$ cat structure38.pdb   # PDB, C-alpha atoms, pLDDT in the B column
ATOM      1  CA  MET W 156      23.298  21.317  -4.331  1.00 72.00           C
ATOM      2  CA  ILE W 157      20.307  20.270  -6.427  1.00 84.00           C
ATOM      3  CA  TRP W 158      21.782  16.778  -6.841  1.00 88.00           C
ATOM      4  CA  VAL W 159      21.835  16.365  -3.048  1.00 90.00           C
ATOM      5  CA  ASN W 160      18.109  17.108  -2.959  1.00 88.00           C
ATOM      6  CA  ASP W 161      17.530  14.620  -5.791  1.00 91.00           C
ATOM      7  CA  ILE W 162      19.389  11.902  -3.887  1.00 93.00           C
ATOM      8  CA  ILE W 163      17.449  12.622  -0.690  1.00 93.00           C
ATOM      9  CA  GLN W 164      14.108  12.582  -2.524  1.00 93.00           C
ATOM     10  CA  GLY W 165      15.084   9.305  -4.230  1.00 94.00           C
ATOM     11  CA  ILE W 166      15.872   7.705  -0.870  1.00 95.00           C
ATOM     12  CA  LEU W 167      12.566   8.929   0.566  1.00 93.00           C
ATOM     13  CA  LEU W 168      10.636   7.565  -2.425  1.00 94.00           C
ATOM     14  CA  GLY W 169      12.568   4.317  -2.090  1.00 94.00           C
ATOM     15  CA  GLY W 170      10.973   3.895   1.346  1.00 92.00           C
ATOM     16  CA  LEU W 171       7.534   3.765  -0.277  1.00 90.00           C
ATOM     17  CA  TYR W 172       8.758   1.304  -2.891  1.00 92.00           C
ATOM     18  CA  ALA W 173      10.292  -0.821  -0.119  1.00 92.00           C
ATOM     19  CA  LEU W 174       6.877  -1.119   1.563  1.00 87.00           C
ATOM     20  CA  PHE W 175       5.296  -2.375  -1.652  1.00 84.00           C
ATOM     21  CA  ALA W 176       8.240  -4.709  -2.269  1.00 87.00           C
ATOM     22  CA  ALA W 177       7.885  -6.146   1.248  1.00 88.00           C
ATOM     23  CA  GLY W 178       4.287  -7.072   0.491  1.00 82.00           C
ATOM     24  CA  LEU W 179       5.230  -8.632  -2.825  1.00 81.00           C
ATOM     25  CA  SER W 180       8.100 -10.606  -1.331  1.00 83.00           C
ATOM     26  CA  LEU W 181       5.810 -11.947   1.386  1.00 82.00           C
ATOM     27  CA  VAL W 182       3.280 -13.103  -1.185  1.00 78.00           C
ATOM     28  CA  PHE W 183       5.842 -14.590  -3.566  1.00 78.00           C
ATOM     29  CA  GLY W 184       8.311 -15.935  -1.016  1.00 79.00           C
ATOM     30  CA  VAL W 185       6.291 -16.988   2.001  1.00 77.00           C
ATOM     31  CA  MET W 186       2.923 -17.866   0.517  1.00 73.00           C
ATOM     32  CA  ARG W 187       4.357 -19.159  -2.772  1.00 75.00           C
ATOM     33  CA  LEU W 188       1.576 -17.472  -4.710  1.00 75.00           C
ATOM     34  CA  VAL W 189       1.931 -15.277  -7.762  1.00 79.00           C
ATOM     35  CA  ASN W 190      -0.519 -12.508  -6.885  1.00 80.00           C
ATOM     36  CA  LEU W 191      -1.059 -10.156  -9.808  1.00 84.00           C
ATOM     37  CA  ALA W 192      -3.737  -8.310  -7.818  1.00 86.00           C
ATOM     38  CA  HIS W 193      -1.291  -7.056  -5.162  1.00 84.00           C
ATOM     39  CA  GLY W 194      -1.316  -3.461  -6.406  1.00 87.00           C
ATOM     40  CA  ASP W 195      -5.082  -3.523  -6.821  1.00 92.00           C
ATOM     41  CA  PHE W 196      -5.475  -4.520  -3.175  1.00 92.00           C
ATOM     42  CA  SER W 197      -3.399  -1.463  -2.213  1.00 89.00           C
ATOM     43  CA  ILE W 198      -5.519   0.821  -4.365  1.00 92.00           C
ATOM     44  CA  MET W 199      -8.691  -0.750  -2.990  1.00 94.00           C
ATOM     45  CA  ALA W 200      -7.496   0.031   0.546  1.00 94.00           C
ATOM     46  CA  ALA W 201      -6.929   3.650  -0.481  1.00 92.00           C
ATOM     47  CA  TYR W 202     -10.443   3.877  -1.909  1.00 94.00           C
ATOM     48  CA  ILE W 203     -11.891   2.337   1.247  1.00 94.00           C
ATOM     49  CA  ALA W 204     -10.095   5.052   3.219  1.00 93.00           C
ATOM     50  CA  LEU W 205     -11.456   7.653   0.787  1.00 92.00           C
ATOM     51  CA  ALA W 206     -15.003   6.362   1.303  1.00 92.00           C
ATOM     52  CA  ILE W 207     -14.623   6.375   5.103  1.00 92.00           C
ATOM     53  CA  VAL W 208     -13.198   9.890   5.129  1.00 91.00           C
ATOM     54  CA  GLY W 209     -15.940  11.079   2.796  1.00 87.00           C
ATOM     55  CA  SER W 210     -18.744   9.623   4.869  1.00 89.00           C
ATOM     56  CA  LEU W 211     -17.445  10.224   8.408  1.00 88.00           C
ATOM     57  CA  LYS W 212     -15.505  13.470   7.709  1.00 85.00           C
ATOM     58  CA  ILE W 213     -12.511  12.409   9.806  1.00 84.00           C
ATOM     59  CA  ASN W 214      -8.755  12.714   9.342  1.00 82.00           C
ATOM     60  CA  PRO W 215      -7.381  10.043   6.960  1.00 83.00           C
ATOM     61  CA  PHE W 216      -4.814   8.944   9.554  1.00 81.00           C
ATOM     62  CA  TYR W 217      -7.634   7.830  11.842  1.00 85.00           C
ATOM     63  CA  THR W 218      -8.898   5.491   9.136  1.00 90.00           C
ATOM     64  CA  LEU W 219      -5.672   3.465   9.104  1.00 87.00           C
ATOM     65  CA  ILE W 220      -6.759   0.994  11.769  1.00 90.00           C
ATOM     66  CA  LEU W 221     -10.238   0.579  10.278  1.00 92.00           C
ATOM     67  CA  VAL W 222      -8.854   0.067   6.763  1.00 94.00           C
ATOM     68  CA  MET W 223      -6.307  -2.459   8.059  1.00 93.00           C
ATOM     69  CA  ILE W 224      -9.094  -4.426   9.748  1.00 95.00           C
ATOM     70  CA  VAL W 225     -11.289  -4.357   6.625  1.00 94.00           C
ATOM     71  CA  MET W 226      -8.400  -5.422   4.382  1.00 94.00           C
ATOM     72  CA  ALA W 227      -7.321  -8.157   6.818  1.00 94.00           C
ATOM     73  CA  VAL W 228     -10.850  -9.603   6.794  1.00 94.00           C
ATOM     74  CA  PHE W 229     -10.963  -9.296   2.991  1.00 91.00           C
ATOM     75  CA  GLY W 230      -7.561 -10.981   2.698  1.00 88.00           C
ATOM     76  CA  TYR W 231      -8.593 -13.768   5.040  1.00 90.00           C
ATOM     77  CA  LEU W 232     -11.804 -14.396   3.126  1.00 90.00           C
ATOM     78  CA  ILE W 233     -10.147 -14.411  -0.264  1.00 87.00           C
ATOM     79  CA  GLN W 234      -7.317 -16.638   1.008  1.00 83.00           C
ATOM     80  CA  ARG W 235      -9.163 -19.180   3.138  1.00 82.00           C
ATOM     81  CA  ARG W 236     -12.686 -19.075   1.743  1.00 78.00           C
ATOM     82  CA  GLY W 237     -12.053 -17.654  -1.709  1.00 75.00           C
ATOM     83  CA  LEU W 238      -9.917 -18.422  -4.687  1.00 78.00           C
ATOM     84  CA  PHE W 239      -6.338 -18.305  -3.448  1.00 77.00           C
ATOM     85  CA  ASN W 240      -6.105 -21.697  -1.729  1.00 77.00           C
ATOM     86  CA  PHE W 241      -7.918 -23.448  -4.561  1.00 78.00           C
ATOM     87  CA  ALA W 242      -5.796 -21.732  -7.194  1.00 76.00           C
ATOM     88  CA  LYS W 243      -2.544 -22.374  -5.344  1.00 74.00           C
ATOM     89  CA  ASP W 244      -3.324 -26.072  -4.995  1.00 75.00           C
ATOM     90  CA  ALA W 245      -4.280 -26.343  -8.671  1.00 77.00           C
ATOM     91  CA  GLY W 246      -0.942 -25.045  -9.960  1.00 75.00           C
ATOM     92  CA  PRO W 247       0.991 -21.888 -10.773  1.00 77.00           C
ATOM     93  CA  MET W 248      -0.854 -21.055 -14.002  1.00 83.00           C
ATOM     94  CA  GLN W 249      -4.258 -21.283 -12.333  1.00 83.00           C
ATOM     95  CA  ALA W 250      -3.023 -18.983  -9.542  1.00 82.00           C
ATOM     96  CA  ILE W 251      -1.828 -16.433 -12.076  1.00 85.00           C
ATOM     97  CA  LEU W 252      -5.136 -16.539 -13.924  1.00 88.00           C
ATOM     98  CA  ALA W 253      -7.177 -16.328 -10.707  1.00 86.00           C
ATOM     99  CA  THR W 254      -5.282 -13.322  -9.359  1.00 87.00           C
ATOM    100  CA  PHE W 255      -5.391 -11.648 -12.767  1.00 91.00           C
ATOM    101  CA  GLY W 256      -9.160 -12.112 -12.785  1.00 91.00           C
ATOM    102  CA  ILE W 257      -9.439 -10.705  -9.261  1.00 91.00           C
ATOM    103  CA  ALA W 258      -7.364  -7.696 -10.359  1.00 94.00           C
ATOM    104  CA  ILE W 259      -9.705  -7.019 -13.264  1.00 96.00           C
ATOM    105  CA  ILE W 260     -12.776  -7.373 -11.044  1.00 94.00           C
ATOM    106  CA  ILE W 261     -11.355  -4.957  -8.442  1.00 94.00           C
ATOM    107  CA  GLN W 262     -10.355  -2.431 -11.107  1.00 95.00           C
ATOM    108  CA  ASN W 263     -13.783  -2.445 -12.708  1.00 96.00           C
ATOM    109  CA  LEU W 264     -15.647  -2.280  -9.393  1.00 95.00           C
ATOM    110  CA  LEU W 265     -13.544   0.707  -8.328  1.00 94.00           C
ATOM    111  CA  LEU W 266     -14.050   2.331 -11.717  1.00 94.00           C
ATOM    112  CA  GLU W 267     -17.812   1.936 -11.426  1.00 94.00           C
ATOM    113  CA  GLY W 268     -17.962   3.019  -7.800  1.00 91.00           C
ATOM    114  CA  PHE W 269     -15.548   5.938  -7.861  1.00 90.00           C
ATOM    115  CA  THR W 270     -15.269   6.929 -11.566  1.00 87.00           C
ATOM    116  CA  ALA W 271     -11.984   7.557 -13.368  1.00 86.00           C
ATOM    117  CA  ASN W 272     -11.556  11.070 -11.991  1.00 87.00           C
ATOM    118  CA  SER W 273      -8.446  11.734  -9.949  1.00 84.00           C
ATOM    119  CA  LYS W 274      -9.017  11.695  -6.198  1.00 83.00           C
ATOM    120  CA  GLY W 275      -6.813  12.205  -3.187  1.00 81.00           C
ATOM    121  CA  LEU W 276      -6.832  12.115   0.575  1.00 79.00           C
ATOM    122  CA  ASP W 277      -5.956  15.289   2.448  1.00 78.00           C
ATOM    123  CA  ALA W 278      -3.292  14.335   4.971  1.00 76.00           C
ATOM    124  CA  GLY W 279      -3.510  17.674   6.731  1.00 75.00           C
ATOM    125  CA  ARG W 280      -0.554  19.815   7.737  1.00 82.00           C
ATOM    126  CA  ILE W 281       1.948  16.979   7.461  1.00 80.00           C
ATOM    127  CA  GLU W 282       1.350  16.837   3.712  1.00 81.00           C
ATOM    128  CA  ASN W 283       3.106  20.170   3.119  1.00 84.00           C
ATOM    129  CA  ALA W 284       5.339  20.402   6.195  1.00 86.00           C
ATOM    130  CA  VAL W 285       9.052  20.302   5.397  1.00 88.00           C
ATOM    131  CA  ILE W 286      12.427  20.351   7.076  1.00 89.00           C
ATOM    132  CA  GLU W 287      14.376  23.014   5.227  1.00 89.00           C
ATOM    133  CA  ILE W 288      18.083  22.256   5.245  1.00 89.00           C
ATOM    134  CA  SER W 289      19.012  24.922   2.694  1.00 87.00           C
ATOM    135  CA  ASP W 290      17.339  26.869  -0.105  1.00 85.00           C
ATOM    136  CA  GLN W 291      17.643  23.893  -2.441  1.00 87.00           C
ATOM    137  CA  VAL W 292      17.461  20.945  -0.034  1.00 88.00           C
ATOM    138  CA  VAL W 293      14.194  20.179   1.759  1.00 90.00           C
ATOM    139  CA  ILE W 294      12.840  17.019   3.333  1.00 92.00           C
ATOM    140  CA  GLY W 295       9.084  16.530   3.555  1.00 91.00           C
ATOM    141  CA  TRP W 296       7.679  15.182   6.794  1.00 93.00           C
ATOM    142  CA  PHE W 297       5.268  12.854   5.028  1.00 90.00           C
ATOM    143  CA  PRO W 298       7.936  11.118   2.884  1.00 92.00           C
ATOM    144  CA  LEU W 299      10.185  10.965   5.946  1.00 94.00           C
ATOM    145  CA  THR W 300       7.401   9.286   7.913  1.00 92.00           C
ATOM    146  CA  THR W 301       6.930   6.824   5.051  1.00 91.00           C
ATOM    147  CA  LEU W 302      10.642   6.009   5.031  1.00 94.00           C
ATOM    148  CA  LEU W 303      10.725   5.496   8.793  1.00 95.00           C
ATOM    149  CA  THR W 304       7.633   3.292   8.616  1.00 93.00           C
ATOM    150  CA  SER W 305       9.228   1.160   5.925  1.00 94.00           C
ATOM    151  CA  VAL W 306      12.401   0.766   8.001  1.00 95.00           C
ATOM    152  CA  VAL W 307      10.342  -0.345  11.027  1.00 95.00           C
ATOM    153  CA  VAL W 308       8.255  -2.755   8.925  1.00 92.00           C
ATOM    154  CA  LEU W 309      11.312  -4.258   7.247  1.00 93.00           C
ATOM    155  CA  LEU W 310      13.137  -4.675  10.556  1.00 95.00           C
ATOM    156  CA  PHE W 311      10.048  -6.331  12.055  1.00 93.00           C
ATOM    157  CA  LEU W 312       9.785  -8.688   9.085  1.00 90.00           C
ATOM    158  CA  GLN W 313      13.491  -9.497   9.293  1.00 90.00           C
ATOM    159  CA  PHE W 314      13.213 -10.533  12.932  1.00 92.00           C
ATOM    160  CA  PHE W 315       9.802 -12.189  12.538  1.00 88.00           C
ATOM    161  CA  LEU W 316      10.740 -14.383   9.576  1.00 82.00           C
TER     162      LEU W 316
END
$ encode --input "structure38.pdb" --output "structure tokens"
Amino acid sequence: MIWVNDIIQGILLGGLYALFAAGLSLVFGVMRLVNLAHGDFSIMAAYIALAIVGSLKINPFYTLILVMIVMAVFGYLIQRRGLFNFAKDAGPMQAILATFGIAIIIQNLLLEGFTANSKGLDAGRIENAVIEISDQVVIGWFPLTTLLTSVVVLLFLQFFL
């Protein structure tokens, strides 16, 4: 029965990977830009949420909309007013170098601002809530929510594109 739990947990984790892959495929396929800073943008969004939660003392789920707005403005500025359009027009190697440089800048700014110590957001009760199918097979609500979100996002992208 342990192998059933391993398969279920792998599928749930695959939902998270699918969300990251959707972002990468949009950048590579639709925008035709090799963005090596994609993961750093995700981590930066998490640290923005951490800063908001730390200063306002609110539930991390309430920061989702605010973080999405901040990251959308940041993405717009870096695309339209920043390096991405210039680098994309210059050629693929310049785009790779520009996004690599942005990744290094983001990493170092986050390292200076938040140190290298491990940090995490408390998701509340959903973080530890589980659906217990048997003694050896459990499904966490948080990974299940992530999987369902990835299915909705991927279906939306399929119909939108």
$ resolve_selection --input "structure38.pdb" --expression "the PyMOL selection byres ((chain W and resi 161-165) around 10)" --output "ChimeraX atom specification"
/W:156-160,166-170,291-295,298-299
$ resolve_selection --input "structure38.pdb" --expression "the PyMOL selection byres ((chain W and resi 218-232) around 10)" --output "tab-separated table (two decimals) with C-alpha atoms, keeping the file's coordinate frame"
chain	number	residue	atom	x	y	z
W	196	PHE	CA	-5.48	-4.52	-3.18
W	197	SER	CA	-3.40	-1.46	-2.21
W	199	MET	CA	-8.69	-0.75	-2.99
W	200	ALA	CA	-7.50	0.03	0.55
W	201	ALA	CA	-6.93	3.65	-0.48
W	202	TYR	CA	-10.44	3.88	-1.91
W	203	ILE	CA	-11.89	2.34	1.25
W	204	ALA	CA	-10.10	5.05	3.22
W	205	LEU	CA	-11.46	7.65	0.79
W	206	ALA	CA	-15.00	6.36	1.30
W	207	ILE	CA	-14.62	6.38	5.10
W	208	VAL	CA	-13.20	9.89	5.13
W	211	LEU	CA	-17.44	10.22	8.41
W	213	ILE	CA	-12.51	12.41	9.81
W	214	ASN	CA	-8.76	12.71	9.34
W	215	PRO	CA	-7.38	10.04	6.96
W	216	PHE	CA	-4.81	8.94	9.55
W	217	TYR	CA	-7.63	7.83	11.84
W	233	ILE	CA	-10.15	-14.41	-0.26
W	234	GLN	CA	-7.32	-16.64	1.01
W	235	ARG	CA	-9.16	-19.18	3.14
W	236	ARG	CA	-12.69	-19.08	1.74
W	237	GLY	CA	-12.05	-17.65	-1.71
W	238	LEU	CA	-9.92	-18.42	-4.69
W	239	PHE	CA	-6.34	-18.30	-3.45
$ closest_residue --input "structure38.pdb" --among "W:Gly279, W:Gly268, W:Gly256, W:Pro247" --to "W:Val189" --atoms "all atoms listed in the file"
W:Pro247
$ resolve_selection --input "structure38.pdb" --expression "the PyMOL selection byres ((chain W and resi 257-263) around 10)" --output "list in words"
Asn190, Leu191, Ala192, His193, Gly194, Asp195, Phe196, Ile198, Met199, Ile233, Leu238, Ile251, Leu252, Ala253, Thr254, Phe255, Gly256, Leu264, Leu265, Leu266, Glu267, Gly268, Phe269 and Thr270 of chain W
$ write_last_selection --input "structure38.pdb" --atoms "C-alpha atoms" --output "CSV table (one decimal), in the coordinates of the input"
chain,number,residue,atom,x,y,z
W,190,ASN,CA,-0.5,-12.5,-6.9
W,191,LEU,CA,-1.1,-10.2,-9.8
W,192,ALA,CA,-3.7,-8.3,-7.8
W,193,HIS,CA,-1.3,-7.1,-5.2
W,194,GLY,CA,-1.3,-3.5,-6.4
W,195,ASP,CA,-5.1,-3.5,-6.8
W,196,PHE,CA,-5.5,-4.5,-3.2
W,198,ILE,CA,-5.5,0.8,-4.4
W,199,MET,CA,-8.7,-0.8,-3.0
W,233,ILE,CA,-10.1,-14.4,-0.3
W,238,LEU,CA,-9.9,-18.4,-4.7
W,251,ILE,CA,-1.8,-16.4,-12.1
W,252,LEU,CA,-5.1,-16.5,-13.9
W,253,ALA,CA,-7.2,-16.3,-10.7
W,254,THR,CA,-5.3,-13.3,-9.4
W,255,PHE,CA,-5.4,-11.6,-12.8
W,256,GLY,CA,-9.2,-12.1,-12.8
W,264,LEU,CA,-15.6,-2.3,-9.4
W,265,LEU,CA,-13.5,0.7,-8.3
W,266,LEU,CA,-14.0,2.3,-11.7
W,267,GLU,CA,-17.8,1.9,-11.4
W,268,GLY,CA,-18.0,3.0,-7.8
W,269,PHE,CA,-15.5,5.9,-7.9
W,270,THR,CA,-15.3,6.9,-11.6
$ atom_distance --input "structure38.pdb" --atom1 "atom CA of W:Gln313" --atom2 "atom CA of W:Glu282"
29.5 Å
$ atom_distance --input "structure38.pdb" --atom1 "atom CA of W:Leu188" --atom2 "atom CA of W:Ala173"
19.3 Å
$ atom_distance --input "structure38.pdb" --atom1 "atom CA of W:Lys274" --atom2 "atom CA of W:Val308"
27.1 Å
